[in-house]
Amino acid sequence: MAEAARLATESVENGWGGPFGAVLTRDGEIIARGQNRVLLTGDPTAHAEVECIRAAVRRLNPEAPSLSRQRQGESTLAYVPRPEGSSDPVPARARMLQGCSIHVSGAPCPMCLSAIYWARLDAVYFSCDLEETRKLGFDDSFQYEEFGKPLDRRAITMEQRHPELGARAYDAWRERADRHWY
């Protein structure tokens with residue numbers, strides 16, 4: 001947590017972004033670090049947690065994952081069986097970052113929390129809670145409220161168009177014999 005806080009302070013002092021730092025660990029070893037770099041890059045997704053997850057994947061997959069490496073279990077894309085009692089219809093999925101934890105200077109926002117779930121991290125530890133973060137002007141309550149609304153009542157227009165076009169890609173996935181579930 002001390003390293004996450006150091007990274008957060010460095011981000012602020014350098015004008016890179018908000019006071020957010022993240023450290024991803026496995027078996028007590030730091031695998032990757034991330035800092036908020038929204039102001040440095042202009043990328044609204046350059047949050048500390050997302051940057052940290054991306055750095056971890058680059059480190060754990062020094063070359064682009066190949067099918068042969070996946071089968072050997074050396075990649076984050078190597079299969080692991082679905083957890084017992086899971087409602088997942090697929091019997092195995094890519095390991096991603098199972099076995100890892102993330103330590104963050106502030107509680108994750110909705111985007112980062114989603115990335116954490118997709119990465120299959122085992123645990124999230126944070127220093128400052130959502131209320132303290134809100135007091136700084138980083139308030140995610142709007143998103144949480146929006147996600148609970150029907151699509152036609154959201155602030156951003158969301159509507160289905162031309163489902164037949166997307167269906168082509170879906171059909172291609174269904175027909176692909178060697179689908180790799182992630």
# chains A, B, ... in the order shown; residues from 1 in each chain; ligands from 1

$ closest_atom_pairs --of "range 141-164 of chain A" --to "range 111-123 of chain A" --cutoff "12 Å" --atoms "only C-alpha atoms" --output "CSV"
residue,atom,partner,partner_atom,distance
A:Gln143,CA,A:Met111,CA,9.4
A:Tyr144,CA,A:Met111,CA,10.5
A:Phe147,CA,A:Met111,CA,11.7

$ write_last_selection --atoms "N, CA, C and O atoms" --output "CSV table (one decimal), in the first residue's frame"
chain,number,residue,atom,x,y,z
A,143,GLN,N,-22.4,7.4,-12.3
A,143,GLN,CA,-22.3,6.2,-13.1
A,143,GLN,C,-23.1,5.0,-12.4
A,143,GLN,O,-23.8,4.3,-13.1
A,144,TYR,N,-22.9,4.9,-11.1
A,144,TYR,CA,-23.7,3.8,-10.4
A,144,TYR,C,-25.2,4.0,-10.6
A,144,TYR,O,-25.9,3.1,-10.8
A,147,PHE,N,-26.2,3.2,-14.4
A,147,PHE,CA,-26.2,1.7,-14.7
A,147,PHE,C,-27.5,1.1,-14.3
A,147,PHE,O,-27.8,0.1,-14.9

$ residues_around --residues "Phe142 in chain A" --least-positions-apart "5" --cutoff "12 Å" --atoms "only C-alpha atoms" --output "MDAnalysis selection string"
chainID A and resid 109:110 134 147:149 154:155

$ write_last_selection --atoms "all heavy atoms" --output "short mmCIF file (atom, residue, chain, number, x, y, z; two decimals), in the first residue's frame"
data_model
loop_
_atom_site.label_atom_id
_atom_site.label_comp_id
_atom_site.auth_asym_id
_atom_site.auth_seq_id
_atom_site.Cartn_x
_atom_site.Cartn_y
_atom_site.Cartn_z
N CYS A 109 -12.99 3.07 -9.15
CA CYS A 109 -14.18 3.59 -9.81
C CYS A 109 -14.88 2.44 -10.55
O CYS A 109 -14.34 1.33 -10.64
CB CYS A 109 -13.79 4.70 -10.79
SG CYS A 109 -13.00 4.10 -12.31
N PRO A 110 -16.07 2.68 -11.10
CA PRO A 110 -16.78 1.60 -11.81
C PRO A 110 -15.99 1.00 -12.96
O PRO A 110 -16.00 -0.22 -13.15
CB PRO A 110 -18.06 2.28 -12.31
CG PRO A 110 -18.29 3.41 -11.36
CD PRO A 110 -16.91 3.88 -10.99
N ARG A 134 -14.79 11.10 -3.21
CA ARG A 134 -15.84 12.03 -3.64
C ARG A 134 -15.55 13.45 -3.17
O ARG A 134 -15.75 14.41 -3.89
CB ARG A 134 -17.20 11.56 -3.12
CG ARG A 134 -18.37 12.41 -3.64
CD ARG A 134 -19.67 12.11 -2.92
NE ARG A 134 -19.64 12.48 -1.51
CZ ARG A 134 -19.68 13.73 -1.05
NH1 ARG A 134 -19.73 14.74 -1.87
NH2 ARG A 134 -19.65 13.97 0.25
N PHE A 147 -26.17 3.17 -14.36
CA PHE A 147 -26.16 1.75 -14.69
C PHE A 147 -27.46 1.06 -14.28
O PHE A 147 -27.84 0.05 -14.86
CB PHE A 147 -24.98 1.03 -14.04
CG PHE A 147 -23.63 1.51 -14.51
CD1 PHE A 147 -22.51 1.32 -13.72
CD2 PHE A 147 -23.46 2.12 -15.73
CE1 PHE A 147 -21.26 1.75 -14.13
CE2 PHE A 147 -22.22 2.56 -16.16
CZ PHE A 147 -21.12 2.37 -15.36
N GLY A 148 -28.14 1.60 -13.29
CA GLY A 148 -29.38 1.01 -12.83
C GLY A 148 -30.61 1.44 -13.63
O GLY A 148 -31.69 0.90 -13.44
N LYS A 149 -30.45 2.41 -14.52
CA LYS A 149 -31.58 2.91 -15.30
C LYS A 149 -31.79 2.08 -16.57
O LYS A 149 -30.83 1.55 -17.13
CB LYS A 149 -31.33 4.37 -15.73
CG LYS A 149 -31.30 5.36 -14.60
CD LYS A 149 -31.02 6.75 -15.16
CE LYS A 149 -30.93 7.80 -14.06
NZ LYS A 149 -30.59 9.12 -14.65
N ARG A 154 -31.10 6.81 -19.90
CA ARG A 154 -29.74 7.19 -19.54
C ARG A 154 -29.32 8.50 -20.18
O ARG A 154 -29.88 8.92 -21.20
CB ARG A 154 -28.77 6.07 -19.93
CG ARG A 154 -29.01 4.81 -19.11
CD ARG A 154 -27.96 3.80 -19.32
NE ARG A 154 -28.28 2.58 -18.58
CZ ARG A 154 -27.53 1.50 -18.61
NH1 ARG A 154 -26.41 1.48 -19.32
NH2 ARG A 154 -27.87 0.44 -17.92
N ALA A 155 -28.33 9.15 -19.60
CA ALA A 155 -27.84 10.45 -20.09
C ALA A 155 -27.19 10.33 -21.46
O ALA A 155 -27.22 11.27 -22.25
CB ALA A 155 -26.85 11.04 -19.08
#

$ atom_distance --atom1 "CA of Glu3 in chain A" --atom2 "CA of Pro44 in chain A"
23.0 Å

$ closest_residue --among "A:Leu130, A:Leu77, A:Met1, A:Ala46" --to "Ile30 in chain A" --atoms "only C-alpha atoms"
A:Met1

$ residues_around --residues "Ile53 in chain A" --least-positions-apart "4" --cutoff "10 Å" --atoms "only C-alpha atoms" --output "number ranges by chain"
A: 22-24, 31-34, 48-49, 57-59, 96-97, 102, 112, 115-116, 119, 121

$ atom_distance --atom1 "CA of Arg93 in chain A" --atom2 "CA of Ala177 in chain A"
15.5 Å

$ select_by_dssp --residues "chain A" --states "helix (DSSP H, G or I)" --output "PyMOL selection string"
chain A and resi 2-13+38-41+48-60+67-71+110-119+130-135+141-147+151-153+163-175

$ atom_distance --atom1 "CA of Glu132 in chain A" --atom2 "CA of Ala56 in chain A"
27.6 Å

$ residues_around --residues "Pro83 in chain A" --least-positions-apart "6" --cutoff "12 Å" --atoms "only C-alpha atoms" --output "PyMOL selection string"
chain A and resi 89-93+95+98+120

$ write_last_selection --atoms "C-alpha atoms" --output "PDB file, in the first residue's frame"
ATOM      1  CA  PRO A  89     -21.761 -22.100 -19.095  1.00  0.00           C
ATOM      2  CA  VAL A  90     -18.155 -22.483 -20.272  1.00  0.00           C
ATOM      3  CA  PRO A  91     -16.181 -25.263 -18.514  1.00  0.00           C
ATOM      4  CA  ALA A  92     -12.849 -23.368 -18.549  1.00  0.00           C
ATOM      5  CA  ARG A  93     -11.697 -19.816 -19.151  1.00  0.00           C
ATOM      6  CA  ARG A  95      -6.594 -17.615 -16.086  1.00  0.00           C
ATOM      7  CA  GLN A  98      -5.928 -15.128 -10.897  1.00  0.00           C
ATOM      8  CA  ARG A 120     -10.014 -12.127 -12.286  1.00  0.00           C
TER       9      ARG A 120
END

$ closest_atom_pairs --of "range 102-147 of chain A" --to "range 18-21 of chain A" --cutoff "8 Å" --atoms "only C-alpha atoms" --output "Markdown table"
| residue | atom | partner | partner_atom | distance |
| --- | --- | --- | --- | --- |
| A:Val104 | CA | A:Gly21 | CA | 5.8 |
| A:Ser105 | CA | A:Gly21 | CA | 5.5 |
| A:Gly106 | CA | A:Phe20 | CA | 6.3 |

$ closest_residue --among "A:Arg82, A:Pro62, A:Met158, A:Phe126" --to "Ala2 in chain A" --atoms "only C-alpha atoms"
A:Phe126

$ select_by_dssp --residues "range 1-175 of chain A" --states "strand (DSSP E)" --output "VMD selection string"
chain A and resid 21 to 26 29 to 35 79 to 81 92 to 94 101 to 106 123 to 128
